[in-house]
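Below is target-v4.txt, holding compact mmCIF, N, CA and C atoms and all ligand atoms.
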# COMPACT_ATOMS: atom_id res chain seq x y z
N MET B 1 53.92 -22.04 37.42
CA MET B 1 53.30 -20.84 36.85
C MET B 1 53.67 -19.63 37.71
N THR B 2 54.21 -18.62 37.12
CA THR B 2 54.59 -17.42 37.88
C THR B 2 53.89 -16.20 37.32
N ASP B 3 52.61 -16.36 37.02
CA ASP B 3 51.85 -15.21 36.55
C ASP B 3 51.85 -14.11 37.60
N VAL B 4 51.85 -12.86 37.16
CA VAL B 4 51.69 -11.75 38.08
C VAL B 4 50.18 -11.51 38.27
N ILE B 5 49.76 -11.60 39.54
CA ILE B 5 48.35 -11.42 39.89
C ILE B 5 48.16 -9.98 40.35
N THR B 6 47.13 -9.32 39.86
CA THR B 6 46.89 -7.93 40.25
C THR B 6 45.49 -7.78 40.83
N GLY B 7 45.33 -6.74 41.64
CA GLY B 7 44.02 -6.47 42.22
C GLY B 7 44.02 -5.13 42.92
N GLY B 8 42.89 -4.82 43.54
CA GLY B 8 42.79 -3.56 44.27
C GLY B 8 41.35 -3.26 44.62
N CYS B 9 41.16 -2.08 45.19
CA CYS B 9 39.81 -1.68 45.62
C CYS B 9 38.99 -1.16 44.44
N GLN B 10 37.76 -0.84 44.72
CA GLN B 10 36.85 -0.44 43.65
C GLN B 10 37.25 0.89 43.00
N CYS B 11 37.79 1.84 43.80
CA CYS B 11 38.14 3.16 43.24
C CYS B 11 39.59 3.22 42.76
N GLU B 12 40.36 2.16 42.99
CA GLU B 12 41.75 2.02 42.56
C GLU B 12 42.73 2.90 43.33
N ALA B 13 42.32 3.44 44.48
CA ALA B 13 43.26 4.18 45.33
C ALA B 13 44.27 3.23 45.97
N VAL B 14 43.85 1.98 46.20
CA VAL B 14 44.77 0.95 46.71
C VAL B 14 44.87 -0.15 45.66
N ARG B 15 46.09 -0.45 45.25
CA ARG B 15 46.34 -1.52 44.27
C ARG B 15 47.41 -2.45 44.82
N TYR B 16 47.39 -3.70 44.38
CA TYR B 16 48.43 -4.64 44.82
C TYR B 16 48.77 -5.58 43.68
N MET B 17 49.91 -6.22 43.80
CA MET B 17 50.29 -7.29 42.89
C MET B 17 51.11 -8.32 43.63
N PHE B 18 51.08 -9.56 43.16
CA PHE B 18 51.93 -10.62 43.71
C PHE B 18 52.15 -11.66 42.64
N ASN B 19 53.17 -12.50 42.85
CA ASN B 19 53.47 -13.57 41.91
C ASN B 19 52.61 -14.79 42.21
N GLY B 20 51.95 -15.33 41.18
CA GLY B 20 51.13 -16.51 41.34
C GLY B 20 51.99 -17.74 41.56
N PRO B 21 51.38 -18.90 41.72
CA PRO B 21 49.95 -19.14 41.61
C PRO B 21 49.17 -18.66 42.85
N VAL B 22 47.87 -18.48 42.66
CA VAL B 22 47.00 -18.06 43.75
C VAL B 22 46.80 -19.25 44.70
N PRO B 23 46.99 -19.08 46.02
CA PRO B 23 46.75 -20.18 46.96
C PRO B 23 45.28 -20.61 46.96
N ALA B 24 45.00 -21.79 47.51
CA ALA B 24 43.62 -22.30 47.58
C ALA B 24 42.74 -21.34 48.37
N ALA B 25 41.56 -21.07 47.84
CA ALA B 25 40.63 -20.11 48.46
C ALA B 25 39.59 -20.82 49.30
N TYR B 26 39.03 -20.11 50.27
CA TYR B 26 37.92 -20.65 51.05
C TYR B 26 36.85 -19.57 51.22
N ALA B 27 35.65 -20.03 51.49
CA ALA B 27 34.52 -19.12 51.71
C ALA B 27 34.09 -19.21 53.17
N CYS B 28 33.55 -18.12 53.69
CA CYS B 28 32.99 -18.15 55.04
C CYS B 28 31.59 -17.56 55.00
N HIS B 29 30.66 -18.31 55.61
CA HIS B 29 29.25 -17.96 55.54
C HIS B 29 28.73 -17.39 56.86
N CYS B 30 29.63 -16.98 57.75
CA CYS B 30 29.21 -16.49 59.07
C CYS B 30 28.58 -15.10 58.97
N GLY B 31 27.92 -14.71 60.04
CA GLY B 31 27.25 -13.41 60.06
C GLY B 31 28.19 -12.24 59.91
N GLU B 32 29.40 -12.35 60.50
CA GLU B 32 30.37 -11.27 60.38
C GLU B 32 30.80 -11.09 58.93
N CYS B 33 30.96 -12.21 58.22
CA CYS B 33 31.40 -12.11 56.82
C CYS B 33 30.29 -11.56 55.93
N LYS B 34 29.03 -11.84 56.30
CA LYS B 34 27.93 -11.22 55.54
C LYS B 34 27.95 -9.71 55.72
N LYS B 35 28.19 -9.24 56.94
CA LYS B 35 28.28 -7.80 57.18
C LYS B 35 29.47 -7.20 56.43
N GLN B 36 30.60 -7.87 56.56
CA GLN B 36 31.86 -7.37 55.99
C GLN B 36 31.76 -7.20 54.47
N THR B 37 31.08 -8.14 53.82
CA THR B 37 30.98 -8.08 52.36
C THR B 37 29.68 -7.43 51.90
N ALA B 38 28.76 -7.22 52.83
CA ALA B 38 27.42 -6.76 52.46
C ALA B 38 26.79 -7.72 51.45
N SER B 39 27.14 -9.02 51.59
CA SER B 39 26.67 -10.01 50.63
C SER B 39 26.46 -11.35 51.33
N ALA B 40 26.41 -12.45 50.56
CA ALA B 40 26.03 -13.74 51.12
C ALA B 40 27.15 -14.45 51.85
N PHE B 41 28.41 -14.23 51.46
CA PHE B 41 29.56 -14.88 52.10
C PHE B 41 30.83 -14.15 51.68
N SER B 42 31.91 -14.41 52.41
CA SER B 42 33.23 -13.86 52.03
C SER B 42 34.04 -14.95 51.36
N MET B 43 35.00 -14.55 50.55
CA MET B 43 35.92 -15.50 49.95
C MET B 43 37.33 -14.95 50.09
N SER B 44 38.23 -15.81 50.60
CA SER B 44 39.57 -15.33 50.97
C SER B 44 40.64 -16.31 50.55
N ILE B 45 41.86 -15.80 50.41
CA ILE B 45 43.02 -16.67 50.22
C ILE B 45 44.07 -16.31 51.27
N PRO B 46 44.61 -17.35 51.97
CA PRO B 46 45.65 -17.08 52.96
C PRO B 46 46.99 -16.86 52.29
N MET B 47 47.73 -15.86 52.73
CA MET B 47 49.07 -15.62 52.20
C MET B 47 49.83 -14.71 53.17
N THR B 48 51.08 -14.42 52.84
CA THR B 48 51.84 -13.51 53.70
C THR B 48 51.82 -12.13 53.06
N PHE B 49 51.76 -11.11 53.94
CA PHE B 49 51.65 -9.75 53.43
C PHE B 49 52.88 -9.35 52.62
N ASP B 50 54.04 -9.89 53.00
CA ASP B 50 55.25 -9.47 52.28
C ASP B 50 55.31 -10.02 50.85
N ALA B 51 54.38 -10.90 50.49
CA ALA B 51 54.29 -11.35 49.10
C ALA B 51 53.64 -10.27 48.21
N LEU B 52 52.96 -9.32 48.84
CA LEU B 52 52.25 -8.28 48.09
C LEU B 52 53.12 -7.06 47.86
N THR B 53 52.99 -6.46 46.68
CA THR B 53 53.50 -5.12 46.44
C THR B 53 52.28 -4.22 46.40
N VAL B 54 52.19 -3.27 47.34
CA VAL B 54 50.97 -2.47 47.52
C VAL B 54 51.26 -1.02 47.17
N THR B 55 50.36 -0.38 46.44
CA THR B 55 50.38 1.07 46.27
C THR B 55 49.12 1.62 46.90
N GLY B 56 49.25 2.78 47.58
CA GLY B 56 48.13 3.34 48.34
C GLY B 56 48.16 2.79 49.75
N THR B 57 47.45 3.46 50.65
CA THR B 57 47.46 3.07 52.08
C THR B 57 46.06 2.79 52.56
N PRO B 58 45.78 1.51 52.86
CA PRO B 58 44.45 1.20 53.38
C PRO B 58 44.26 1.70 54.80
N LYS B 59 43.04 1.88 55.20
CA LYS B 59 42.70 2.13 56.60
C LYS B 59 42.47 0.79 57.29
N VAL B 60 42.44 0.81 58.60
CA VAL B 60 42.26 -0.44 59.35
C VAL B 60 41.28 -0.21 60.48
N PHE B 61 40.42 -1.19 60.72
CA PHE B 61 39.65 -1.15 61.95
C PHE B 61 39.64 -2.54 62.57
N GLU B 62 39.43 -2.56 63.88
CA GLU B 62 39.61 -3.79 64.66
C GLU B 62 38.29 -4.41 65.04
N THR B 63 38.26 -5.75 64.96
CA THR B 63 37.12 -6.51 65.46
C THR B 63 37.67 -7.68 66.28
N ILE B 64 36.78 -8.44 66.89
CA ILE B 64 37.17 -9.65 67.61
C ILE B 64 36.67 -10.84 66.80
N ALA B 65 37.59 -11.74 66.44
CA ALA B 65 37.25 -12.92 65.64
C ALA B 65 36.49 -13.94 66.48
N HIS B 66 35.91 -14.97 65.82
CA HIS B 66 35.20 -16.05 66.51
C HIS B 66 36.12 -16.73 67.53
N SER B 67 37.42 -16.74 67.24
CA SER B 67 38.40 -17.36 68.14
C SER B 67 38.60 -16.54 69.41
N GLY B 68 38.09 -15.30 69.43
CA GLY B 68 38.32 -14.41 70.56
C GLY B 68 39.54 -13.53 70.37
N LYS B 69 40.30 -13.79 69.28
CA LYS B 69 41.50 -12.99 69.02
C LYS B 69 41.14 -11.69 68.31
N GLN B 70 42.02 -10.70 68.49
CA GLN B 70 41.87 -9.43 67.81
C GLN B 70 42.10 -9.63 66.31
N LYS B 71 41.29 -8.95 65.51
CA LYS B 71 41.44 -9.06 64.06
C LYS B 71 41.51 -7.66 63.48
N PHE B 72 42.44 -7.45 62.55
CA PHE B 72 42.61 -6.15 61.91
C PHE B 72 42.10 -6.23 60.48
N ASN B 73 41.17 -5.36 60.16
CA ASN B 73 40.46 -5.40 58.88
C ASN B 73 40.90 -4.20 58.05
N TYR B 74 41.55 -4.46 56.94
CA TYR B 74 42.11 -3.39 56.11
C TYR B 74 41.17 -3.11 54.94
N PHE B 75 40.92 -1.82 54.73
CA PHE B 75 39.95 -1.44 53.69
C PHE B 75 40.37 -0.11 53.08
N CYS B 76 39.84 0.19 51.91
CA CYS B 76 40.11 1.49 51.27
C CYS B 76 39.28 2.55 51.97
N GLY B 77 39.95 3.61 52.47
CA GLY B 77 39.25 4.69 53.17
C GLY B 77 38.43 5.55 52.24
N ASN B 78 38.65 5.43 50.96
CA ASN B 78 37.90 6.24 49.99
C ASN B 78 36.64 5.53 49.53
N CYS B 79 36.75 4.28 49.08
CA CYS B 79 35.59 3.60 48.51
C CYS B 79 35.01 2.52 49.43
N GLY B 80 35.74 2.17 50.50
CA GLY B 80 35.21 1.23 51.49
C GLY B 80 35.41 -0.24 51.18
N THR B 81 36.06 -0.57 50.07
CA THR B 81 36.29 -1.99 49.73
C THR B 81 37.18 -2.66 50.76
N ARG B 82 36.74 -3.82 51.28
CA ARG B 82 37.57 -4.61 52.19
C ARG B 82 38.64 -5.30 51.36
N LEU B 83 39.92 -5.24 51.81
CA LEU B 83 41.03 -5.74 51.01
C LEU B 83 41.67 -7.00 51.60
N TRP B 84 42.05 -6.95 52.88
CA TRP B 84 42.61 -8.12 53.54
C TRP B 84 42.42 -7.99 55.04
N HIS B 85 42.52 -9.14 55.72
CA HIS B 85 42.44 -9.20 57.17
C HIS B 85 43.76 -9.76 57.70
N SER B 86 44.07 -9.41 58.96
CA SER B 86 45.26 -9.96 59.59
C SER B 86 45.05 -10.05 61.09
N ASP B 87 45.83 -10.91 61.75
CA ASP B 87 45.79 -10.94 63.21
C ASP B 87 46.82 -10.00 63.80
N SER B 88 47.47 -9.19 62.96
CA SER B 88 48.44 -8.23 63.47
C SER B 88 48.39 -6.93 62.66
N ASN B 89 48.88 -5.85 63.28
CA ASN B 89 49.01 -4.56 62.62
C ASN B 89 50.33 -3.96 63.04
N PRO B 90 51.32 -3.83 62.13
CA PRO B 90 51.22 -4.10 60.70
C PRO B 90 50.99 -5.58 60.39
N PRO B 91 50.39 -5.86 59.21
CA PRO B 91 50.03 -7.23 58.88
C PRO B 91 51.22 -8.11 58.54
N LYS B 92 51.13 -9.38 58.93
CA LYS B 92 52.16 -10.36 58.57
C LYS B 92 51.48 -11.48 57.79
N ASN B 93 50.67 -12.30 58.49
CA ASN B 93 49.86 -13.30 57.79
C ASN B 93 48.50 -12.68 57.51
N ILE B 94 48.07 -12.76 56.25
CA ILE B 94 46.81 -12.12 55.88
C ILE B 94 45.89 -13.11 55.18
N THR B 95 44.62 -12.73 55.11
CA THR B 95 43.68 -13.37 54.19
C THR B 95 43.24 -12.29 53.22
N LEU B 96 43.57 -12.50 51.96
CA LEU B 96 43.27 -11.54 50.90
C LEU B 96 41.86 -11.81 50.38
N LYS B 97 41.10 -10.76 50.17
CA LYS B 97 39.71 -10.91 49.72
C LYS B 97 39.66 -11.16 48.21
N VAL B 98 39.15 -12.33 47.84
CA VAL B 98 39.21 -12.80 46.45
C VAL B 98 38.52 -11.83 45.48
N GLY B 99 37.44 -11.21 45.94
CA GLY B 99 36.70 -10.30 45.07
C GLY B 99 37.48 -9.07 44.65
N THR B 100 38.63 -8.81 45.31
CA THR B 100 39.44 -7.65 44.93
C THR B 100 40.43 -7.98 43.81
N LEU B 101 40.58 -9.27 43.47
CA LEU B 101 41.46 -9.61 42.34
C LEU B 101 40.85 -9.08 41.05
N ASP B 102 41.69 -8.64 40.15
CA ASP B 102 41.18 -8.14 38.86
C ASP B 102 40.51 -9.26 38.07
N VAL B 103 41.05 -10.47 38.16
CA VAL B 103 40.45 -11.63 37.51
C VAL B 103 40.29 -12.71 38.57
N SER B 104 39.04 -13.03 38.93
CA SER B 104 38.82 -13.98 40.03
C SER B 104 37.81 -15.07 39.70
N SER B 105 37.21 -14.99 38.53
CA SER B 105 36.06 -15.86 38.26
C SER B 105 36.43 -17.34 38.13
N ASP B 106 37.73 -17.65 37.95
CA ASP B 106 38.12 -19.06 37.84
C ASP B 106 38.56 -19.65 39.18
N ILE B 107 38.40 -18.90 40.28
CA ILE B 107 38.84 -19.38 41.60
C ILE B 107 37.65 -19.99 42.34
N ALA B 108 37.70 -21.32 42.56
CA ALA B 108 36.64 -22.01 43.28
C ALA B 108 37.01 -22.10 44.76
N PRO B 109 36.06 -21.88 45.67
CA PRO B 109 36.37 -22.10 47.08
C PRO B 109 36.59 -23.58 47.37
N ALA B 110 37.79 -23.93 47.87
CA ALA B 110 38.11 -25.33 48.17
C ALA B 110 37.50 -25.75 49.50
N GLY B 111 37.20 -24.80 50.36
CA GLY B 111 36.61 -25.09 51.66
C GLY B 111 35.57 -24.05 52.03
N HIS B 112 34.68 -24.45 52.94
CA HIS B 112 33.61 -23.55 53.39
C HIS B 112 33.53 -23.58 54.91
N LEU B 113 33.53 -22.41 55.53
CA LEU B 113 33.35 -22.27 56.97
C LEU B 113 31.93 -21.81 57.27
N TRP B 114 31.42 -22.18 58.45
CA TRP B 114 30.11 -21.73 58.93
C TRP B 114 28.99 -22.05 57.94
N VAL B 115 29.03 -23.29 57.42
CA VAL B 115 27.97 -23.74 56.50
C VAL B 115 26.60 -23.71 57.21
N SER B 116 26.61 -23.83 58.54
CA SER B 116 25.35 -23.77 59.31
C SER B 116 24.65 -22.42 59.18
N ARG B 117 25.38 -21.39 58.75
CA ARG B 117 24.79 -20.04 58.59
C ARG B 117 24.61 -19.67 57.12
N LYS B 118 24.77 -20.65 56.25
CA LYS B 118 24.77 -20.39 54.81
C LYS B 118 23.44 -19.79 54.34
N GLN B 119 23.56 -18.88 53.42
CA GLN B 119 22.39 -18.24 52.81
C GLN B 119 21.55 -19.27 52.06
N ALA B 120 20.22 -19.21 52.17
CA ALA B 120 19.34 -20.09 51.40
C ALA B 120 19.61 -19.89 49.91
N GLY B 121 19.57 -21.00 49.16
CA GLY B 121 19.71 -20.90 47.72
C GLY B 121 21.14 -21.00 47.21
N ILE B 122 22.13 -21.01 48.13
CA ILE B 122 23.53 -21.16 47.73
C ILE B 122 23.89 -22.65 47.82
N THR B 123 24.28 -23.25 46.71
CA THR B 123 24.63 -24.67 46.66
C THR B 123 26.14 -24.82 46.61
N LEU B 124 26.68 -25.72 47.45
CA LEU B 124 28.14 -25.88 47.53
C LEU B 124 28.60 -27.09 46.73
N ASP B 125 29.82 -26.99 46.19
CA ASP B 125 30.45 -28.09 45.48
C ASP B 125 30.69 -29.24 46.46
N PRO B 126 30.13 -30.45 46.19
CA PRO B 126 30.32 -31.56 47.12
C PRO B 126 31.79 -31.96 47.29
N GLU B 127 32.64 -31.58 46.35
CA GLU B 127 34.08 -31.86 46.46
C GLU B 127 34.76 -30.97 47.50
N SER B 128 34.09 -29.90 47.93
CA SER B 128 34.74 -28.95 48.84
C SER B 128 34.71 -29.45 50.27
N ASP B 129 35.61 -28.92 51.10
CA ASP B 129 35.69 -29.24 52.53
C ASP B 129 34.69 -28.32 53.24
N GLN B 130 33.65 -28.92 53.85
CA GLN B 130 32.57 -28.11 54.43
C GLN B 130 32.54 -28.25 55.94
N GLN B 131 32.67 -27.13 56.64
CA GLN B 131 32.68 -27.09 58.09
C GLN B 131 31.41 -26.40 58.58
N GLN B 132 30.69 -27.06 59.50
CA GLN B 132 29.46 -26.45 60.00
C GLN B 132 29.73 -25.15 60.75
N THR B 133 30.85 -25.12 61.47
CA THR B 133 31.27 -23.87 62.14
C THR B 133 32.68 -23.57 61.63
N GLN B 134 33.68 -23.64 62.52
CA GLN B 134 35.05 -23.53 62.04
C GLN B 134 35.96 -24.40 62.90
N PRO B 135 37.03 -24.95 62.29
CA PRO B 135 37.93 -25.82 63.05
C PRO B 135 38.66 -25.03 64.14
N ASP B 136 39.06 -25.73 65.20
CA ASP B 136 39.80 -25.07 66.28
C ASP B 136 41.09 -24.44 65.74
N ASP B 137 41.77 -25.20 64.88
CA ASP B 137 43.00 -24.66 64.28
C ASP B 137 42.70 -24.18 62.86
N LEU B 138 42.16 -22.97 62.81
CA LEU B 138 41.71 -22.40 61.54
C LEU B 138 42.88 -22.18 60.58
N ILE B 139 44.02 -21.77 61.12
CA ILE B 139 45.17 -21.47 60.26
C ILE B 139 45.66 -22.74 59.56
N ALA B 140 45.74 -23.85 60.32
CA ALA B 140 46.16 -25.13 59.72
C ALA B 140 45.14 -25.57 58.67
N TRP B 141 43.85 -25.43 58.99
CA TRP B 141 42.81 -25.85 58.03
C TRP B 141 42.93 -25.10 56.71
N ARG B 142 43.07 -23.79 56.79
CA ARG B 142 43.11 -23.04 55.52
C ARG B 142 44.42 -23.23 54.77
N ASN B 143 45.51 -23.48 55.50
CA ASN B 143 46.79 -23.70 54.82
C ASN B 143 46.86 -25.09 54.17
N ASN B 144 46.02 -26.04 54.65
CA ASN B 144 46.04 -27.40 54.10
C ASN B 144 45.02 -27.64 53.01
N LEU B 145 44.23 -26.63 52.69
CA LEU B 145 43.22 -26.81 51.63
C LEU B 145 43.91 -27.08 50.30
N GLU B 146 43.28 -27.98 49.53
CA GLU B 146 43.80 -28.23 48.18
C GLU B 146 42.79 -27.75 47.17
N LYS B 147 43.29 -27.17 46.11
CA LYS B 147 42.42 -26.60 45.08
C LYS B 147 41.51 -27.65 44.48
N ILE B 148 40.29 -27.28 44.16
CA ILE B 148 39.37 -28.20 43.48
C ILE B 148 38.94 -27.57 42.17
ZN ZN B 201 39.13 2.51 46.96
ZN ZN B 202 33.18 -15.47 58.49

Could you quickly redo this structure as structure tokens?
Ligand SMILES: [Zn+2]
Ligand SMILES: [Zn+2]
Amino acid sequence: MTDVITGGCQCEAVRYMFNGPVPAAYACHCGECKKQTASAFSMSIPMTFDALTVTGTPKVFETIAHSGKQKFNYFCGNCGTRLWHSDSNPPKNITLKVGTLDVSSDIAPAGHLWVSRKQAGITLDPESDQQQTQPDDLIAWRNNLEKI
């Protein structure tokens, strides 16, 4: 399947497209992801930035990840929508925020990080890979997820 996948921020100042299929997605229930999304959890797909065709220029701000590594968080400077994260600036390997896809409702999280911090009332698919915190090799874990 080589569908063209499209997405962008809420105000449409930043738009992107890439060729499908969409890689396996995962959710993270940690406190940082609750802040970042202003919601119960984040949902992301790992991919390479050069797979994206981007119009508009996101802003970036830096945080420190659970691993202790620097993390670059790209967002729309106009509407504030978080778009993707990377361990480098300019970005190379990214995690794209699933909620920014124009059509995302058929994407199930194949894995869950920081289930120990999960919001009350959120029930997870028992078929999913559930981590109480996060694996030491997070990149390998997310790249090995299989769609459910
Ligand atoms: Zn925007
Ligand atoms: Zn998180």

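For ligand ZN 201 (chain B), the protein and nucleic acid residues at most 10 Å away, judged by only C-alpha atoms and all ligand atoms, amount to Gly8, Cys9, Gln10, Cys11, Glu12, Ala13, Val14, Arg15, Gly56, Thr57, Pro58, Phe75, Cys76, Gly77, Asn78, Cys79, Gly80, Thr81, Arg82 and Leu83 of chain B.
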
Report task. Pick out the residues no farther than 7 Å from ligand ZN 202 (chain B), counting only N, CA and C atoms and all ligand atoms, and list them as an MDAnalysis selection string. Result -> chainID B and resid 27:34 42 113:114

For the selection you just gave me, I'd like the residues written to a file as an mmCIF file, in the coordinates of the input, keeping N, CA and C atoms.
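Writing the result to part_23.cif gives the following:
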data_model
loop_
_atom_site.group_PDB
_atom_site.id
_atom_site.type_symbol
_atom_site.label_atom_id
_atom_site.label_comp_id
_atom_site.auth_asym_id
_atom_site.auth_seq_id
_atom_site.Cartn_x
_atom_site.Cartn_y
_atom_site.Cartn_z
ATOM 1 N N ALA B 27 35.650 -20.030 51.490
ATOM 2 C CA ALA B 27 34.520 -19.120 51.710
ATOM 3 C C ALA B 27 34.090 -19.210 53.170
ATOM 4 N N CYS B 28 33.550 -18.120 53.690
ATOM 5 C CA CYS B 28 32.990 -18.150 55.040
ATOM 6 C C CYS B 28 31.590 -17.560 55.000
ATOM 7 N N HIS B 29 30.660 -18.310 55.610
ATOM 8 C CA HIS B 29 29.250 -17.960 55.540
ATOM 9 C C HIS B 29 28.730 -17.390 56.860
ATOM 10 N N CYS B 30 29.630 -16.980 57.750
ATOM 11 C CA CYS B 30 29.210 -16.490 59.070
ATOM 12 C C CYS B 30 28.580 -15.100 58.970
ATOM 13 N N GLY B 31 27.920 -14.710 60.040
ATOM 14 C CA GLY B 31 27.250 -13.410 60.060
ATOM 15 C C GLY B 31 28.190 -12.240 59.910
ATOM 16 N N GLU B 32 29.400 -12.350 60.500
ATOM 17 C CA GLU B 32 30.370 -11.270 60.380
ATOM 18 C C GLU B 32 30.800 -11.090 58.930
ATOM 19 N N CYS B 33 30.960 -12.210 58.220
ATOM 20 C CA CYS B 33 31.400 -12.110 56.820
ATOM 21 C C CYS B 33 30.290 -11.560 55.930
ATOM 22 N N LYS B 34 29.030 -11.840 56.300
ATOM 23 C CA LYS B 34 27.930 -11.220 55.540
ATOM 24 C C LYS B 34 27.950 -9.710 55.720
ATOM 25 N N SER B 42 31.910 -14.410 52.410
ATOM 26 C CA SER B 42 33.230 -13.860 52.030
ATOM 27 C C SER B 42 34.040 -14.950 51.360
ATOM 28 N N LEU B 113 33.530 -22.410 55.530
ATOM 29 C CA LEU B 113 33.350 -22.270 56.970
ATOM 30 C C LEU B 113 31.930 -21.810 57.270
ATOM 31 N N TRP B 114 31.420 -22.180 58.450
ATOM 32 C CA TRP B 114 30.110 -21.730 58.930
ATOM 33 C C TRP B 114 28.990 -22.050 57.940
#

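Atom pair CA of Ile122 in chain B / atom C of Pro21 in chain B has a distance of 26.2 Å (rounded to one decimal).
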
Report task. Mind checking which residues fall within 5 Å of range 129-135 of chain B, counting all atoms listed in the file, ignoring those fewer than 2 positions away in the same chain, and posting them as a ChimeraX atom specification? Result -> /B:110-116,127,137-138

Report task. Can you check which residues of range 37-102 of chain B DSSP gives as strand (DSSP E) on the backbone and send them as an MDAnalysis selection string? Result -> chainID B and resid 42:48 53:55 59:64 70:75 82:86 93:97

Considering only helix (DSSP H, G or I) as DSSP defines it on the backbone, what residues of range 77-126 of chain B qualify? List them as a PDB file with N, CA and C atoms, keeping the file's coordinate frame.
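Writing done, so here's out-v7.pdb:
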ATOM      1  N   VAL B  98      39.150 -12.330  47.840  1.00  0.00           N
ATOM      2  CA  VAL B  98      39.210 -12.800  46.450  1.00  0.00           C
ATOM      3  C   VAL B  98      38.520 -11.830  45.480  1.00  0.00           C
ATOM      4  N   GLY B  99      37.440 -11.210  45.940  1.00  0.00           N
ATOM      5  CA  GLY B  99      36.700 -10.300  45.070  1.00  0.00           C
ATOM      6  C   GLY B  99      37.480  -9.070  44.650  1.00  0.00           C
ATOM      7  N   THR B 100      38.630  -8.810  45.310  1.00  0.00           N
ATOM      8  CA  THR B 100      39.440  -7.650  44.930  1.00  0.00           C
ATOM      9  C   THR B 100      40.430  -7.980  43.810  1.00  0.00           C
ATOM     10  N   VAL B 115      29.030 -23.290  57.420  1.00  0.00           N
ATOM     11  CA  VAL B 115      27.970 -23.740  56.500  1.00  0.00           C
ATOM     12  C   VAL B 115      26.600 -23.710  57.210  1.00  0.00           C
ATOM     13  N   SER B 116      26.610 -23.830  58.540  1.00  0.00           N
ATOM     14  CA  SER B 116      25.350 -23.770  59.310  1.00  0.00           C
ATOM     15  C   SER B 116      24.650 -22.420  59.180  1.00  0.00           C
ATOM     16  N   ARG B 117      25.380 -21.390  58.750  1.00  0.00           N
ATOM     17  CA  ARG B 117      24.790 -20.040  58.590  1.00  0.00           C
ATOM     18  C   ARG B 117      24.610 -19.670  57.120  1.00  0.00           C
TER      19      ARG B 117
END

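Shortest separation to Ile45 in chain B among B:Asn19, B:Thr95, B:Ser86, B:Asn73 occurs at residue B:Thr95, atoms counted being all atoms listed in the file.
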
**Report entry** Residue contacts of Val4 in chain B (8 Å, only N, CA and C atoms) excluding same-chain residues fewer than 3 positions away, as JSON, numbers by chain
**Finding:** {"B": [1, 7, 17, 18, 19, 20, 21]}

Export N, CA and C atoms of the chosen residues as a PDB file, in the coordinates of the input?
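And here is the file that came out, result-v5.pdb:
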ATOM      1  N   MET B   1      53.920 -22.040  37.420  1.00  0.00           N
ATOM      2  CA  MET B   1      53.300 -20.840  36.850  1.00  0.00           C
ATOM      3  C   MET B   1      53.670 -19.630  37.710  1.00  0.00           C
ATOM      4  N   GLY B   7      45.330  -6.740  41.640  1.00  0.00           N
ATOM      5  CA  GLY B   7      44.020  -6.470  42.220  1.00  0.00           C
ATOM      6  C   GLY B   7      44.020  -5.130  42.920  1.00  0.00           C
ATOM      7  N   MET B  17      49.910  -6.220  43.800  1.00  0.00           N
ATOM      8  CA  MET B  17      50.290  -7.290  42.890  1.00  0.00           C
ATOM      9  C   MET B  17      51.110  -8.320  43.630  1.00  0.00           C
ATOM     10  N   PHE B  18      51.080  -9.560  43.160  1.00  0.00           N
ATOM     11  CA  PHE B  18      51.930 -10.620  43.710  1.00  0.00           C
ATOM     12  C   PHE B  18      52.150 -11.660  42.640  1.00  0.00           C
ATOM     13  N   ASN B  19      53.170 -12.500  42.850  1.00  0.00           N
ATOM     14  CA  ASN B  19      53.470 -13.570  41.910  1.00  0.00           C
ATOM     15  C   ASN B  19      52.610 -14.790  42.210  1.00  0.00           C
ATOM     16  N   GLY B  20      51.950 -15.330  41.180  1.00  0.00           N
ATOM     17  CA  GLY B  20      51.130 -16.510  41.340  1.00  0.00           C
ATOM     18  C   GLY B  20      51.990 -17.740  41.560  1.00  0.00           C
ATOM     19  N   PRO B  21      51.380 -18.900  41.720  1.00  0.00           N
ATOM     20  CA  PRO B  21      49.950 -19.140  41.610  1.00  0.00           C
ATOM     21  C   PRO B  21      49.170 -18.660  42.850  1.00  0.00           C
TER      22      PRO B  21
END

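The two atoms in question, CA of Asn143 in chain B and CA of Val60 in chain B, are spaced 24.1 Å apart.
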
Requested in this report: Considering all atoms listed in the file, state which residue in the set B:Phe72, B:Ala24, B:Ala40, B:Leu145 is at the smallest distance from Arg117 in chain B.
Outcome: B:Ala40
